[in-house]
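Peer 1: Sharing work.cif here; it has mmCIF, C-alpha atoms.
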```cif
data_data
#
loop_
_atom_site.label_atom_id
_atom_site.label_comp_id
_atom_site.auth_asym_id
_atom_site.auth_seq_id
_atom_site.Cartn_x
_atom_site.Cartn_y
_atom_site.Cartn_z
CA MET A 1462 -6.23 -8.88 14.38
CA ARG A 1463 -5.04 -7.86 10.92
CA ALA A 1464 -1.79 -6.00 10.38
CA TYR A 1465 0.99 -5.85 7.83
CA LYS A 1466 4.63 -4.94 7.47
CA VAL A 1467 6.70 -4.10 4.43
CA THR A 1468 9.40 -6.73 3.97
CA SER A 1469 10.87 -5.44 0.70
CA PRO A 1470 10.22 -1.74 0.16
CA ASN A 1471 10.35 0.04 -3.14
CA THR A 1472 13.48 2.17 -3.40
CA THR A 1473 12.56 4.23 -6.48
CA ALA A 1474 11.06 7.68 -5.97
CA LEU A 1475 7.75 8.09 -7.75
CA ILE A 1476 8.83 11.57 -8.83
CA ALA A 1477 12.45 12.57 -9.35
CA THR A 1478 13.62 15.56 -7.34
CA SER A 1479 14.56 17.30 -10.60
CA ASP A 1480 11.00 16.85 -11.92
CA ALA A 1481 9.53 18.13 -8.65
CA LYS A 1482 11.81 21.18 -8.84
CA LEU A 1483 10.66 21.83 -12.40
CA TYR A 1484 7.02 21.60 -11.26
CA LEU A 1485 7.71 23.95 -8.34
CA LYS A 1486 9.70 26.33 -10.59
CA VAL A 1487 12.75 26.04 -8.32
CA ASP A 1488 16.05 26.48 -10.16
CA ILE A 1489 18.49 26.49 -7.24
CA SER A 1490 19.80 23.50 -5.31
CA ASP A 1491 19.32 24.96 -1.80
CA ASP A 1492 16.00 23.14 -1.28
CA ASP A 1493 16.88 19.82 -2.94
CA THR A 1494 16.83 17.87 0.33
CA ILE A 1495 13.54 19.45 1.38
CA ILE A 1496 11.96 18.74 -2.01
CA ALA A 1497 13.16 15.12 -2.00
CA GLY A 1498 11.58 14.73 1.44
CA LEU A 1499 8.34 16.27 0.17
CA VAL A 1500 8.28 13.77 -2.71
CA THR A 1501 8.52 10.94 -0.19
CA ALA A 1502 5.90 12.49 2.11
CA ALA A 1503 3.48 13.15 -0.77
CA THR A 1504 3.86 9.61 -2.09
CA LYS A 1505 3.39 8.02 1.34
CA SER A 1506 0.33 10.20 2.03
CA ALA A 1507 -1.25 9.27 -1.32
CA GLU A 1508 -0.48 5.58 -0.77
CA GLU A 1509 -2.05 5.65 2.69
CA TYR A 1510 -5.10 7.55 1.43
CA THR A 1511 -5.71 5.05 -1.38
CA ASN A 1512 -4.70 1.85 0.51
CA ARG A 1513 -2.16 1.13 -2.22
CA PHE A 1514 1.53 0.90 -2.85
CA PHE A 1515 2.27 2.45 -6.23
CA LEU A 1516 5.58 0.77 -7.05
CA SER A 1517 6.42 -2.92 -6.46
CA THR A 1518 6.54 -3.60 -2.73
CA THR A 1519 6.53 -6.90 -0.84
CA ILE A 1520 4.24 -7.15 2.18
CA GLU A 1521 3.56 -9.68 4.90
CA GLN A 1522 0.02 -9.47 6.26
CA TYR A 1523 -0.67 -11.04 9.66
CA ALA A 1524 -3.99 -12.36 10.94
CA THR A 1525 -5.43 -14.25 13.88
CA THR A 1526 -7.62 -16.50 11.69
CA PHE A 1527 -7.88 -17.53 8.04
CA ALA A 1528 -11.10 -15.50 7.82
CA ASP A 1529 -9.06 -12.37 8.54
CA ILE A 1530 -7.05 -12.78 5.33
CA LYS A 1531 -10.06 -12.92 3.04
CA ASN A 1532 -9.41 -9.30 2.04
CA LEU A 1533 -5.81 -8.26 1.50
CA LEU A 1534 -5.07 -4.86 3.02
CA LYS A 1535 -3.10 -3.27 0.16
CA SER A 1536 -3.56 -3.06 -3.59
CA PRO A 1537 -2.97 -3.66 -6.46
CA VAL A 1538 -1.90 -7.26 -5.82
CA SER A 1539 0.35 -8.68 -8.52
CA THR A 1540 1.37 -11.94 -6.80
CA VAL A 1541 0.60 -13.86 -3.63
CA VAL A 1542 3.94 -15.47 -2.83
CA ARG A 1543 2.76 -17.78 -0.04
CA ILE A 1544 0.41 -18.33 2.85
CA GLN A 1545 1.89 -19.62 6.08
CA TYR A 1546 0.24 -20.55 9.36
CA TYR A 1547 1.12 -21.80 12.81
CA ASP A 1548 -0.45 -25.24 13.23
CA GLU A 1549 -1.99 -26.60 16.43
CA ASN A 1550 1.51 -27.46 17.66
CA ASN A 1551 2.62 -23.87 17.07
CA SER A 1552 4.92 -24.90 14.20
CA LEU A 1553 5.12 -22.69 11.13
CA GLN A 1554 3.71 -24.41 8.02
CA THR A 1555 3.18 -23.34 4.41
CA LEU A 1556 -0.32 -23.80 3.02
CA SER A 1557 -0.18 -25.49 -0.37
CA SER A 1558 -1.51 -23.41 -3.26
CA ASP A 1559 -3.69 -26.46 -4.04
CA PHE A 1560 -5.95 -25.18 -1.23
CA TRP A 1561 -6.39 -21.53 -2.13
CA ASP A 1562 -6.56 -18.99 -4.92
CA VAL A 1563 -6.66 -15.20 -5.15
CA THR A 1564 -8.85 -12.76 -7.01
CA ALA A 1565 -6.15 -10.27 -7.95
CA ALA A 1566 -8.39 -8.41 -10.42
CA VAL A 1567 -10.77 -7.39 -7.63
CA GLU A 1568 -9.82 -4.67 -5.15
CA PRO A 1569 -9.34 -5.37 -2.39
CA SER A 1570 -8.00 -8.69 -3.60
CA GLN A 1571 -9.43 -11.69 -1.86
CA ILE A 1572 -8.07 -15.09 -0.95
CA TYR A 1573 -10.55 -17.94 -1.16
CA LEU A 1574 -10.59 -21.70 -0.76
CA LYS A 1575 -10.67 -23.91 -3.83
CA PRO A 1576 -13.67 -26.26 -4.11
CA ASN A 1577 -13.78 -29.13 -1.59
CA LYS A 1578 -10.89 -27.70 0.44
CA SER A 1579 -10.81 -26.44 4.02
CA PHE A 1580 -8.32 -24.48 6.04
CA PRO A 1581 -6.31 -26.44 8.64
CA GLN A 1582 -6.59 -25.92 12.39
CA ILE A 1583 -4.28 -23.18 13.67
CA ALA A 1584 -2.68 -22.10 16.91
CA GLN A 1585 -4.30 -19.42 19.03
CA ARG A 1586 -2.01 -16.47 18.51
CA GLU A 1587 -2.27 -12.99 17.01
CA ASP A 1588 -0.04 -13.82 14.04
CA ALA A 1589 -1.38 -17.33 13.35
CA VAL A 1590 -1.67 -16.67 9.59
CA ILE A 1591 0.90 -14.86 7.42
CA VAL A 1592 0.34 -13.92 3.78
CA LYS A 1593 3.29 -12.70 1.75
CA TYR A 1594 2.33 -10.80 -1.38
CA ILE A 1595 3.60 -8.22 -3.87
CA VAL A 1596 1.66 -5.07 -4.59
CA GLY A 1597 2.19 -2.17 -6.96
CA TYR A 1598 1.59 -1.23 -10.57
CA GLY A 1599 5.12 -2.29 -11.49
CA SER A 1600 8.73 -1.33 -10.83
CA ALA A 1601 8.88 1.66 -13.20
CA THR A 1602 7.38 5.05 -12.38
CA THR A 1603 5.73 5.02 -15.80
CA ASP A 1604 3.67 2.00 -14.66
CA VAL A 1605 1.79 4.20 -12.17
CA PRO A 1606 -1.41 5.79 -13.51
CA LEU A 1607 -0.89 9.45 -14.43
CA PRO A 1608 -3.67 10.83 -12.15
CA ILE A 1609 -1.84 9.37 -9.12
CA THR A 1610 1.43 11.01 -10.15
CA GLN A 1611 -0.36 14.31 -10.79
CA ALA A 1612 -2.01 14.13 -7.36
CA CYS A 1613 1.44 13.68 -5.80
CA TYR A 1614 2.65 16.77 -7.66
CA LEU A 1615 -0.29 18.74 -6.18
CA ILE A 1616 0.55 17.51 -2.68
CA ILE A 1617 4.24 18.42 -3.14
CA GLY A 1618 3.25 21.91 -4.28
CA HIS A 1619 0.91 22.31 -1.32
CA LEU A 1620 3.52 21.16 1.19
CA TYR A 1621 6.26 23.29 -0.36
CA GLN A 1622 4.12 26.44 -0.26
CA ASN A 1623 2.75 25.75 3.25
CA ARG A 1624 5.78 24.72 5.27
CA GLN A 1625 4.46 25.74 8.66
CA GLU A 1626 2.22 23.55 10.80
CA VAL A 1627 -0.47 26.24 10.99
CA VAL A 1628 -1.36 28.39 8.01
CA VAL A 1629 -3.96 31.09 8.67
CA GLY A 1630 -7.13 30.45 6.67
CA LYS A 1631 -6.19 26.90 5.56
CA ILE A 1632 -6.59 23.43 6.96
CA ALA A 1633 -3.06 22.09 6.74
CA THR A 1634 -3.80 18.50 7.72
CA GLU A 1635 -5.94 17.63 4.71
CA LEU A 1636 -4.87 16.67 1.22
CA PRO A 1637 -5.42 19.44 -1.33
CA PHE A 1638 -8.87 19.18 -2.95
CA GLY A 1639 -7.47 18.53 -6.45
CA ALA A 1640 -5.26 15.74 -5.12
CA LYS A 1641 -8.20 14.12 -3.31
CA TYR A 1642 -10.28 14.34 -6.46
CA LEU A 1643 -7.59 12.57 -8.49
CA LEU A 1644 -6.91 9.94 -5.82
CA ASP A 1645 -10.55 9.15 -4.99
CA GLN A 1646 -10.91 7.11 -8.18
CA TYR A 1647 -8.06 4.85 -6.95
CA LYS A 1648 -9.12 4.60 -3.31
CA VAL A 1649 -9.71 1.02 -2.14
CA GLN A 1650 -12.13 0.53 0.74
CA VAL A 1651 -10.80 -2.20 3.01
CA CYS A 1652 -12.89 -3.44 5.93
CA ARG A 1653 -10.54 -3.84 8.87
#
```
Could you write out this file's structure as structure tokens?
Peer 2:
Amino acid sequence: MRAYKVTSPNTTALIATSDAKLYLKVDISDDDTIIAGLVTAATKSAEEYTNRFFLSTTIEQYATTFADIKNLLKSPVSTVVRIQYYDENNSLQTLSSDFWDVTAAVEPSQIYLKPNKSFPQIAQREDAVIVKYIVGYGSATTDVPLPITQACYLIIGHLYQNRQEVVVGKIATELPFGAKYLLDQYKVQVCR
């Protein structure tokens, strides 16, 4: 089993509502709440599509074995805070960083053992290993690559223009082609 949860979410919108309104050519405030929601939806969709978090976010990834944490599920990894595990007595322990290292420059980032080290025995449970790490390009929206931001603008525009679940002649469940094209270069393939 491999799963994760966000323990410290980013609270900054990738695109300000005022910038989204400018892009959409909306000059009234009636749709501000809708547009702010579309910014969030577009960002979350792009993050899910690329297996990334764009702005600094702290994650805990859970695994049944140490082998299951070889590949971290989200990118780009800036810091691995700690690795914890439940030992044979089912007590939570922290694995010393003397035992492991991370290849943060590779995506997906990988955790590996240092030479002449081995992982300890662990309890048999679904969440036997817990990795806490920070992902994202940084805390400022300007840290995010421009093609990602532009793709989010395209998704916002698509969602704003196609507000109904079914639009005749269009597939509403897919990302717009231009957005996919921009995001594909940032997509990280993670084997689950």
Peer 1: Evaluated on this file, the PyMOL selection byres ((chain A and resi 1561-1566) around 10) picks out some residues - which ones are they, written as a compact mmCIF listing (two decimals) with C-alpha atoms, keeping the file's coordinate frame?
Peer 2:
```
# COMPACT_ATOMS: atom_id res chain seq x y z
CA LYS A 1531 -10.06 -12.92 3.04
CA ASN A 1532 -9.41 -9.30 2.04
CA LEU A 1533 -5.81 -8.26 1.50
CA SER A 1536 -3.56 -3.06 -3.59
CA PRO A 1537 -2.97 -3.66 -6.46
CA VAL A 1538 -1.90 -7.26 -5.82
CA SER A 1539 0.35 -8.68 -8.52
CA THR A 1540 1.37 -11.94 -6.80
CA VAL A 1541 0.60 -13.86 -3.63
CA ILE A 1544 0.41 -18.33 2.85
CA LEU A 1556 -0.32 -23.80 3.02
CA SER A 1557 -0.18 -25.49 -0.37
CA SER A 1558 -1.51 -23.41 -3.26
CA ASP A 1559 -3.69 -26.46 -4.04
CA PHE A 1560 -5.95 -25.18 -1.23
CA VAL A 1567 -10.77 -7.39 -7.63
CA GLU A 1568 -9.82 -4.67 -5.15
CA PRO A 1569 -9.34 -5.37 -2.39
CA SER A 1570 -8.00 -8.69 -3.60
CA GLN A 1571 -9.43 -11.69 -1.86
CA ILE A 1572 -8.07 -15.09 -0.95
CA TYR A 1573 -10.55 -17.94 -1.16
CA LEU A 1574 -10.59 -21.70 -0.76
CA LYS A 1575 -10.67 -23.91 -3.83
CA PRO A 1576 -13.67 -26.26 -4.11
CA LYS A 1578 -10.89 -27.70 0.44
CA SER A 1579 -10.81 -26.44 4.02
CA PHE A 1580 -8.32 -24.48 6.04
CA VAL A 1596 1.66 -5.07 -4.59
```
Peer 1: Using atom CA of A:Gln1585 and atom CA of A:Tyr1546 as the two end points, give the distance in Å to one decimal.
Peer 2: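 Atom CA of A:Tyr1546 lies 10.7 Å from atom CA of A:Gln1585.
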Peer 1: Set the distance at 8 Å and use only C-alpha atoms: which residues neighbour A:Asp1548 once local chain neighbours fewer than 2 positions away are removed? I'd like the list as number ranges by chain.
Peer 2: A: 1546, 1550-1554, 1581-1584, 1589
Peer 1: Which residues, named as in the file, does the PyMOL selection byres ((chain A and resi 1492-1496) around 8) pick out? Answer as a list in words.
Peer 2: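 Output from the PyMOL selection byres ((chain A and resi 1492-1496) around 8), applied to this file: Thr1478, Ala1481, Lys1482, Ile1489, Ser1490, Asp1491, Ala1497, Gly1498, Leu1499, Val1500, Ile1617 and Tyr1621 of chain A.
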Peer 1: So how far away is atom CA of A:Asp1488 from atom CA of A:Val1605, in Å?
Peer 2: 26.5 Å
Peer 1: As a compact mmCIF listing (two decimals), keeping the file's coordinate frame, could you write out stretch 1542-1553 of chain A once it has been completed with N, CA and C atoms?
Peer 2:
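So the final result, stored in rebuild.txt, reads:
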```txt
# COMPACT_ATOMS: atom_id res chain seq x y z
N VAL A 1542 2.76 -14.62 -2.86
CA VAL A 1542 3.94 -15.47 -2.83
C VAL A 1542 3.66 -16.75 -2.05
N ARG A 1543 3.05 -16.60 -0.86
CA ARG A 1543 2.76 -17.78 -0.04
C ARG A 1543 1.82 -17.40 1.10
N ILE A 1544 1.20 -18.44 1.63
CA ILE A 1544 0.41 -18.33 2.85
C ILE A 1544 1.01 -19.30 3.85
N GLN A 1545 1.35 -18.78 5.01
CA GLN A 1545 1.89 -19.62 6.08
C GLN A 1545 0.98 -19.54 7.29
N TYR A 1546 1.07 -20.54 8.16
CA TYR A 1546 0.24 -20.55 9.36
C TYR A 1546 0.97 -21.35 10.45
N TYR A 1547 0.62 -21.03 11.68
CA TYR A 1547 1.12 -21.80 12.81
C TYR A 1547 0.07 -22.87 13.11
N ASP A 1548 0.48 -24.14 13.01
CA ASP A 1548 -0.45 -25.24 13.23
C ASP A 1548 -0.77 -25.39 14.72
N GLU A 1549 -1.57 -26.39 15.04
CA GLU A 1549 -1.99 -26.60 16.43
C GLU A 1549 -0.83 -26.81 17.38
N ASN A 1550 0.31 -27.26 16.85
CA ASN A 1550 1.51 -27.46 17.66
C ASN A 1550 2.42 -26.24 17.68
N ASN A 1551 1.91 -25.15 17.12
CA ASN A 1551 2.62 -23.87 17.07
C ASN A 1551 3.87 -23.94 16.19
N SER A 1552 3.83 -24.81 15.17
CA SER A 1552 4.92 -24.90 14.20
C SER A 1552 4.51 -24.20 12.92
N LEU A 1553 5.42 -23.43 12.35
CA LEU A 1553 5.12 -22.69 11.13
C LEU A 1553 5.05 -23.64 9.94
```
